[in-house]
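What's in run01.txt: compact mmCIF, C-alpha atoms
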```txt
# COMPACT_ATOMS: atom_id res chain seq x y z
CA MET A 1 -5.60 -72.38 18.54
CA THR A 2 -5.00 -68.65 17.96
CA LYS A 3 -1.54 -67.80 16.65
CA ARG A 4 0.19 -65.13 18.74
CA LEU A 5 1.89 -62.20 16.94
CA LYS A 6 5.61 -62.03 17.13
CA ARG A 7 7.34 -59.06 18.76
CA THR A 8 8.48 -57.74 15.38
CA GLU A 9 4.94 -57.99 14.01
CA PHE A 10 3.65 -56.03 17.01
CA MET A 11 6.26 -53.34 16.36
CA MET A 12 5.37 -53.22 12.66
CA ALA A 13 1.66 -52.86 13.42
CA TYR A 14 2.41 -50.20 16.03
CA MET A 15 4.55 -48.22 13.58
CA ILE A 16 1.83 -48.41 10.92
CA ILE A 17 -0.75 -47.08 13.39
CA ILE A 18 1.60 -44.26 14.50
CA THR A 19 2.35 -43.35 10.88
CA LEU A 20 -1.35 -43.24 10.00
CA ALA A 21 -2.07 -41.14 13.06
CA CYS A 22 0.71 -38.69 12.22
CA THR A 23 -0.43 -38.50 8.59
CA VAL A 24 -4.03 -37.81 9.55
CA GLY A 25 -2.98 -35.38 12.28
CA GLY A 26 -0.61 -33.59 9.93
CA PHE A 27 -3.33 -33.31 7.31
CA PHE A 28 -5.77 -31.71 9.72
CA PHE A 29 -3.07 -29.46 11.21
CA GLY A 30 -2.02 -28.35 7.72
CA ALA A 31 -5.63 -27.73 6.74
CA HIS A 32 -6.17 -25.69 9.90
CA TYR A 33 -2.97 -23.69 9.26
CA MET A 34 -3.92 -23.00 5.64
CA LYS A 35 -7.41 -21.96 6.70
CA THR A 36 -6.01 -19.61 9.35
CA GLN A 37 -3.48 -18.17 6.88
CA LEU A 38 -6.18 -17.64 4.23
CA GLU A 39 -8.50 -15.98 6.73
CA SER A 40 -5.64 -13.72 7.87
CA GLU A 41 -4.84 -12.70 4.29
CA GLN A 42 -8.51 -12.10 3.51
CA ALA A 43 -8.84 -9.96 6.65
CA ALA A 44 -5.78 -7.92 5.61
CA VAL A 45 -7.23 -7.38 2.12
CA LEU A 46 -10.58 -6.32 3.56
CA GLU A 47 -8.87 -3.96 5.99
CA ALA A 48 -6.83 -2.39 3.17
CA GLU A 49 -9.98 -2.00 1.04
CA LYS A 50 -11.78 -0.46 4.02
CA LYS A 51 -8.97 2.06 4.55
CA GLU A 52 -8.87 2.89 0.85
CA ALA A 53 -12.65 3.40 0.78
CA GLU A 54 -12.44 5.62 3.84
CA LYS A 55 -9.63 7.62 2.24
CA GLU A 56 -11.63 8.11 -0.96
CA LYS A 57 -14.65 9.16 1.10
CA LEU A 58 -12.61 11.74 2.98
CA LEU A 59 -11.12 13.00 -0.28
CA ARG A 60 -14.59 13.39 -1.79
CA GLU A 61 -15.67 15.28 1.30
CA GLN A 62 -12.49 17.40 1.03
CA LYS A 63 -11.32 16.44 4.51
CA LEU A 64 -7.85 15.28 3.45
CA TYR A 65 -4.87 17.29 2.17
CA ASN A 66 -6.02 20.69 3.27
CA GLU A 67 -4.03 23.46 1.63
CA GLN A 68 -2.84 24.75 5.00
CA ASP A 69 -0.96 21.48 5.48
CA PHE A 70 0.97 22.04 2.25
CA ILE A 71 1.90 25.56 3.33
CA ARG A 72 3.12 24.35 6.74
CA PHE A 73 4.99 21.44 5.16
CA TYR A 74 6.66 23.58 2.55
CA TYR A 75 8.08 26.21 4.90
CA ALA A 76 8.94 23.90 7.81
CA VAL A 77 10.21 20.87 5.87
CA TYR A 78 10.61 21.25 2.11
CA ALA A 79 12.17 24.70 1.86
CA PRO A 80 15.16 23.81 4.11
CA LEU A 81 15.63 20.59 2.11
CA LEU A 82 15.63 22.45 -1.20
CA ASP A 83 18.23 24.87 0.21
CA LEU A 84 20.44 21.92 1.15
CA LYS A 85 20.02 20.34 -2.27
CA GLN A 86 20.90 23.59 -4.07
CA ALA A 87 23.97 24.09 -1.87
CA HIS A 88 25.10 20.53 -2.57
CA PHE A 89 24.81 20.86 -6.34
CA ASP A 90 26.39 24.34 -6.32
CA THR A 91 29.41 22.87 -4.51
CA MET A 92 29.63 19.91 -6.89
CA ASP A 93 29.42 22.23 -9.93
CA LYS A 94 32.46 24.18 -8.63
CA TRP A 95 34.39 21.15 -7.37
CA ASN A 96 36.86 20.81 -10.24
CA GLN A 97 37.82 24.50 -9.98
CA MET A 98 38.40 24.34 -6.21
CA ASN A 99 41.75 23.92 -4.51
CA GLU A 100 42.19 21.58 -1.53
CA ASN A 101 41.35 24.21 1.09
CA GLU A 102 38.24 25.31 -0.79
CA ARG A 103 37.05 21.71 -1.05
CA THR A 104 37.62 21.21 2.67
CA ASP A 105 35.61 24.32 3.44
CA GLY A 106 32.90 23.38 0.92
CA LEU A 107 32.29 19.97 2.52
CA LYS A 108 32.42 21.54 5.98
CA GLN A 109 29.74 24.06 4.99
CA LEU A 110 27.55 21.32 3.52
CA SER A 111 27.81 19.32 6.75
CA LYS A 112 26.96 22.42 8.77
CA LEU A 113 23.93 23.18 6.61
CA ALA A 114 22.80 19.54 6.76
CA GLU A 115 23.03 19.64 10.56
CA GLN A 116 20.91 22.80 10.62
CA THR A 117 18.42 21.13 8.27
CA ARG A 118 18.26 18.03 10.48
CA LYS A 119 17.43 20.21 13.51
CA GLU A 120 14.71 21.98 11.54
CA LEU A 121 13.19 18.71 10.37
CA GLU A 122 13.20 17.18 13.85
CA LYS A 123 10.74 19.82 15.03
CA ASN A 124 7.09 18.83 15.22
CA VAL A 125 5.03 20.00 12.25
CA PRO A 126 1.24 19.59 12.60
CA LEU A 127 -0.15 18.04 9.38
CA PRO A 128 -3.52 16.75 10.61
CA THR A 129 -5.14 16.07 7.24
CA SER A 130 -2.15 14.79 5.27
CA PRO A 131 -0.88 11.30 6.21
CA MET A 132 1.52 11.06 3.26
CA LEU A 133 3.09 14.41 4.10
CA ARG A 134 3.68 13.12 7.63
CA GLN A 135 5.39 10.04 6.17
CA ALA A 136 7.42 12.24 3.83
CA HIS A 137 8.53 14.38 6.76
CA ALA A 138 9.81 11.31 8.64
CA THR A 139 11.54 9.87 5.56
CA PHE A 140 13.19 13.18 4.66
CA THR A 141 14.50 13.41 8.23
CA ASN A 142 16.06 9.96 7.86
CA SER A 143 17.49 11.09 4.54
CA VAL A 144 19.31 14.05 6.05
CA ARG A 145 20.67 11.87 8.86
CA ALA A 146 22.05 9.52 6.21
CA TYR A 147 23.60 12.51 4.43
CA LEU A 148 25.41 13.54 7.60
CA ASP A 149 26.68 10.00 8.22
CA SER A 150 27.97 9.71 4.66
CA MET A 151 29.53 13.16 4.72
CA GLU A 152 31.76 12.14 7.64
CA GLN A 153 33.29 9.41 5.49
CA ILE A 154 33.54 11.69 2.46
CA ARG A 155 35.37 14.38 4.46
CA SER A 156 37.83 11.83 5.85
CA ASP A 157 38.84 10.85 2.30
CA GLN A 158 38.29 14.10 0.42
CA ASN A 159 41.65 13.99 -1.39
CA ASN A 160 40.27 11.19 -3.57
CA ALA A 161 36.77 12.59 -3.78
CA THR A 162 35.06 13.56 -7.03
CA PRO A 163 31.45 14.62 -7.64
CA ALA A 164 30.78 11.09 -8.96
CA SER A 165 32.32 9.34 -5.95
CA ILE A 166 30.54 11.70 -3.56
CA GLY A 167 27.24 10.91 -5.25
CA ALA A 168 27.97 7.18 -5.02
CA SER A 169 28.60 7.57 -1.27
CA LEU A 170 25.18 9.16 -0.77
CA THR A 171 23.07 6.24 -2.01
CA LEU A 172 21.05 5.77 1.21
CA PHE A 173 20.41 9.51 1.45
CA GLN A 174 19.31 9.67 -2.18
CA ASN A 175 17.02 6.63 -1.93
CA ASN A 176 15.26 8.06 1.13
CA TRP A 177 14.97 11.46 -0.54
CA LEU A 178 13.42 10.02 -3.70
CA THR A 179 10.94 7.94 -1.68
CA ALA A 180 9.89 10.96 0.36
CA GLN A 181 9.69 13.07 -2.81
CA GLU A 182 7.21 10.58 -4.29
CA MET A 183 5.06 10.94 -1.16
CA VAL A 184 5.04 14.73 -1.49
CA TYR A 185 3.91 14.68 -5.12
CA HIS A 186 1.43 11.88 -4.46
CA SER A 187 -0.05 14.15 -1.78
CA ILE A 188 -0.31 17.05 -4.22
CA ALA A 189 -1.96 14.75 -6.78
CA SER A 190 -4.43 13.71 -4.08
CA TRP A 191 -5.18 17.39 -3.42
CA GLU A 192 -5.77 17.86 -7.14
CA SER A 193 -8.05 14.82 -7.20
CA ALA A 194 -10.19 16.18 -4.36
CA TYR A 195 -10.23 19.91 -5.00
CA VAL A 196 -9.59 20.44 -8.72
CA VAL A 197 -10.66 17.60 -11.02
CA LYS A 198 -12.88 16.00 -8.34
CA GLN A 199 -12.23 12.53 -9.70
CA ALA A 200 -10.50 9.61 -8.03
CA MET A 201 -6.93 8.90 -9.05
CA PRO A 202 -6.04 5.48 -10.48
CA LYS A 203 -5.85 3.02 -7.59
CA GLN A 204 -2.59 1.59 -8.90
CA LEU A 205 0.28 3.10 -10.80
CA PRO A 206 0.06 2.21 -14.49
CA GLY A 207 2.70 -0.27 -15.61
CA THR A 208 3.51 1.80 -18.67
CA VAL A 209 2.23 5.21 -19.75
CA ASN A 210 2.09 5.91 -23.48
CA THR A 211 2.22 9.45 -24.77
CA ALA A 212 -1.55 9.61 -25.38
CA GLN A 213 -2.26 8.53 -21.80
CA TRP A 214 0.24 11.05 -20.47
CA LYS A 215 -1.63 13.91 -22.14
CA GLN A 216 -4.92 12.80 -20.57
CA TYR A 217 -3.70 12.88 -16.97
CA PRO A 218 -4.03 16.12 -14.97
CA PHE A 219 -0.85 18.08 -14.27
CA HIS A 220 -0.17 17.06 -10.67
CA TYR A 221 -0.80 13.38 -11.38
CA ARG A 222 1.67 13.66 -14.27
CA THR A 223 4.15 15.21 -11.87
CA TYR A 224 3.61 12.37 -9.42
CA LEU A 225 4.43 9.97 -12.27
CA ALA A 226 7.52 12.06 -13.01
CA SER A 227 8.66 11.66 -9.39
CA VAL A 228 8.13 7.89 -9.67
CA ALA A 229 10.21 7.88 -12.87
CA MET A 230 12.99 9.74 -11.07
CA SER A 231 12.99 7.09 -8.35
CA ALA A 232 13.00 4.27 -10.90
CA SER A 233 16.09 5.71 -12.59
CA ASN A 234 17.77 6.70 -9.28
CA GLN A 235 17.76 10.27 -10.54
CA TRP A 236 18.50 12.54 -7.57
CA SER A 237 19.02 15.78 -9.45
CA SER A 238 19.17 19.52 -9.00
CA TYR A 239 15.77 19.78 -10.69
CA ASN A 240 12.37 18.94 -9.18
CA PRO A 241 9.66 16.64 -10.59
CA GLU A 242 7.64 19.60 -11.87
CA ASP A 243 10.67 20.63 -13.95
CA LEU A 244 10.76 17.14 -15.48
CA THR A 245 6.99 17.30 -16.11
CA ALA A 246 7.33 20.61 -17.97
CA ARG A 247 10.11 19.21 -20.19
CA LEU A 248 8.09 16.05 -20.82
CA ASP A 249 5.03 18.08 -21.75
CA LEU A 250 7.10 20.21 -24.13
CA LEU A 251 8.71 17.15 -25.73
CA ILE A 252 5.50 15.11 -26.05
CA ALA A 253 3.65 18.06 -27.60
CA SER A 254 6.34 18.45 -30.26
CA ASN A 255 7.01 16.65 -33.54
CA GLU A 256 10.22 15.22 -32.06
CA VAL A 257 8.30 12.41 -30.38
CA GLN A 258 7.72 10.59 -33.65
CA ALA A 259 11.13 11.45 -35.05
CA LEU A 260 12.84 10.00 -31.98
CA GLY A 261 10.54 6.99 -31.80
CA ILE A 262 9.28 7.88 -28.33
CA LYS A 263 6.18 5.90 -27.45
CA ASP A 264 5.97 6.04 -23.67
CA LEU A 265 6.98 7.92 -20.55
CA ALA A 266 10.00 5.73 -19.79
CA ALA A 267 11.51 6.36 -23.24
CA ALA A 268 10.87 10.10 -22.99
CA VAL A 269 12.52 10.33 -19.56
CA LYS A 270 15.50 8.33 -20.83
CA ILE A 271 15.98 10.72 -23.76
CA LEU A 272 15.74 13.81 -21.56
CA ASN A 273 18.23 12.44 -19.03
CA ALA A 274 20.66 11.28 -21.70
CA THR A 275 20.71 14.73 -23.28
CA ASP A 276 20.75 16.68 -19.97
CA ALA A 277 17.64 18.46 -21.23
CA VAL A 278 16.09 19.10 -17.78
CA SER A 279 17.31 21.90 -15.52
CA ALA A 280 16.27 23.29 -12.16
CA GLY A 281 13.66 25.99 -12.70
CA ASP A 282 12.35 24.65 -16.03
CA PHE A 283 8.78 24.58 -14.75
CA LYS A 284 8.82 28.28 -13.89
CA ARG A 285 10.52 29.16 -17.18
CA LEU A 286 7.96 27.21 -19.21
CA ASN A 287 4.90 27.82 -17.05
CA THR A 288 3.27 30.59 -19.06
CA GLN A 289 4.13 28.88 -22.36
CA LEU A 290 2.64 25.50 -21.40
CA TYR A 291 -0.01 26.16 -18.76
CA SER A 292 -2.40 29.04 -19.24
CA VAL A 293 -4.35 28.15 -16.09
CA LEU A 294 -2.86 25.84 -13.50
CA LYS A 295 -4.43 25.28 -10.12
CA ALA A 296 -1.92 24.36 -7.44
CA PRO A 297 -1.44 24.69 -3.69
CA GLU A 298 -0.32 28.19 -2.71
CA ILE A 299 3.34 27.32 -2.22
CA PRO A 300 6.44 28.77 -3.93
CA LEU A 301 7.04 25.61 -6.01
CA TYR A 302 4.41 26.85 -8.44
CA LYS A 303 4.97 30.61 -8.30
```

Would you mind writing the file out in C-alpha cells?
Amino acid sequence: MTKRLKRTEFMMAYMIIITLACTVGGFFFGAHYMKTQLESEQAAVLEAEKKEAEKEKLLREQKLYNEQDFIRFYYAVYAPLLDLKQAHFDTMDKWNQMNENERTDGLKQLSKLAEQTRKELEKNVPLPTSPMLRQAHATFTNSVRAYLDSMEQIRSDQNNATPASIGASLTLFQNNWLTAQEMVYHSIASWESAYVVKQAMPKQLPGTVNTAQWKQYPFHYRTYLASVAMSASNQWSSYNPEDLTARLDLLIASNEVQALGIKDLAAAVKILNATDAVSAGDFKRLNTQLYSVLKAPEIPLYK
C-alpha cells in the first residue's frame, strides 16, 4: 500500500520546488540583465569611438575650429569676461586701501559690470565649427550668473569682507570659469593640431608630464595643459594660461630646473605659484624672447 505524504512534507516539497524555480529564474534574469548591461556599455564605447573618429576626420579635413569662430568667440564672449576679471582683481588689489564707501562702490561697480557681461554672454554667437567653444560659452555664462549670485551675499556682509573671503565665496563661479577656460584652450590646441602641426593630439591627457615631454609638445597643447594645471590647483588668477605657459617655458629652459629639483609640470607649476612668479601679460612680455615664430589664431590674446 502506497504511503501518503503528510501535509508538512507536501509543504516542504512545494517550498523546495519554489526555491529551485526562483533560483533558476533569478539566474537567467541576472544573466539577461548582465548581457543587456554589457551590450549597452559596448554600444556606448563604440558610439564614443565613432564620434572621436569623425572628429579626427573633420580635423584632418580642416572642417573644425575655423579661425572665424575664434574671432567671433573672442570679441563676443571672451573679451567681456577678461574685462570683468581685470576689474575684479583691480578692485581686490586696492581693497585694503579703500574706505567703507569706496568698498561699497567697488562691489556695486563689479556687480554692474557682471550684469552687463551676463547680458552680452546671453546673446547668440554662431560658432558652427567649434563644439567646445559652444560648450565654453554656455559654461562661462553659468559662471557669470554664479558670480552675480555670490556678489549679492558678499555685498550684504561687506563689513567683514576681505579679498580672501570674497574669493572663498566665489567658488562656484571660479570652478565654472576654470572648466570653460580649459575648453577654450583645448579648442585652440585642436586648431593647432589641424592647421599647424597637422598631427593628432594625444587622445587622453597624460597622467604626468616630465620636463622633456613638456618641451616636445607644441605651444598651444602646452597651454592647454597649463589650463588643466590651473584647474587642478583651483588657480583662478589675474593671469591667463598662456602667461603660465611662458613662465613654465622660461623656467624649464633654465638651469634652475635641476637646482630646484623640478622633474615634472606639476612641480614646476607649484614652484611658480608659491613664488608668485606668474603675472598677467607675461606671455606678451616674453613672446619675442621665447617664440621667434608662433602661429596662433588672429585674436588679441597673442598680439

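Among the candidates A:Val278, A:Ala259, A:Pro218, A:Leu84, the residue lying nearest to A:Lys198 is A:Pro218 (atoms considered: all atoms listed in the file).
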
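We find atom CA of A:Ala226 and atom CA of A:Glu242 to be spaced 7.6 Å apart.
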
Enclose stretch 225-235 of chain A, meaning all of its atoms listed in the file, in a box aligned along x, y and z, pad it by 5 Å on each side, and list the centre and edge lengths in Å to one decimal, as lines of an AutoDock Vina configuration file.
```
center_x = 11.1
center_y = 8.2
center_z = -10.7
size_x = 23.3
size_y = 17.8
size_z = 14.7
```

Would you pick out the contacts of A:Leu294 at 12 Å or less, using all atoms listed in the file, so that residues sharing its chain but fewer than 3 positions from it are not included, and give the list as a list in words?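 The contact residues come out as Glu192, Val196, Val197, Pro218, Phe219, His220, Phe283, Lys284, Asn287, Thr288, Gln289, Leu290, Tyr291, Pro297, Glu298, Tyr302 and Lys303 of chain A.
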
Check the smallest atom-to-atom distance from each of A:Ser193, A:Asp282, A:Asn175, A:Ser292 to A:Gln235 using all atoms listed in the file, then report the winner.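 Of A:Ser193, A:Asp282, A:Asn175, A:Ser292, the one nearest A:Gln235, counting all atoms listed in the file, is A:Asn175.
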
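Checking A:Asn234, A:Asp264, A:Gln153, A:Asn96 one by one against A:Pro206, counting only C-alpha atoms, you find the shortest gap at A:Asp264.
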
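Minimum atom-to-atom distance to A:Phe89, evaluated using all atoms listed in the file, belongs to A:Gly106 out of A:Leu260, A:Leu272, A:Gly106, A:Leu20.
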
Compile the contact shell of A:Ala161 as a list in words: residues with an atom at most 12 Å away, counting all atoms listed in the file, same-chain residues fewer than 3 positions apart removed. Met92, Trp95, Asn96, Glu100, Arg103, Thr104, Leu107, Met151, Gln153, Ile154, Arg155, Ser156, Asp157, Gln158, Ala164, Ser165, Ile166, Gly167, Ala168 and Ser169 of chain A

My list of candidates is A:Leu82, A:Leu133, A:Ala229, A:Leu286. Which is closest to A:Ser190 when distances are computed with all atoms listed in the file? A:Leu133

Which residues come within 10 Å of A:Ser111, counting all atoms listed in the file, excluding same-chain residues fewer than 3 positions away, as a count of residues only? 17

How many Å lie between atom CA of A:Gly281 and atom CA of A:Tyr185, rounded to one decimal?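 Interatomic distance, atom CA of A:Gly281 to atom CA of A:Tyr185: 16.7 Å.
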
Taking all atoms listed in the file into account, name the residue in A:Val77, A:Ala212, A:Ala189, A:Val257 that is nearest to A:Thr141. A:Val77

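Relative to atom CA of A:Pro300, atom CA of A:His186 is found at 17.6 Å.
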
Counting all atoms listed in the file, what is within 12 Å of A:Gln204, bar same-chain residues fewer than 3 positions away, as an NGL selection string? :A and (52 or 186 or 200-201 or 207-208 or 225)
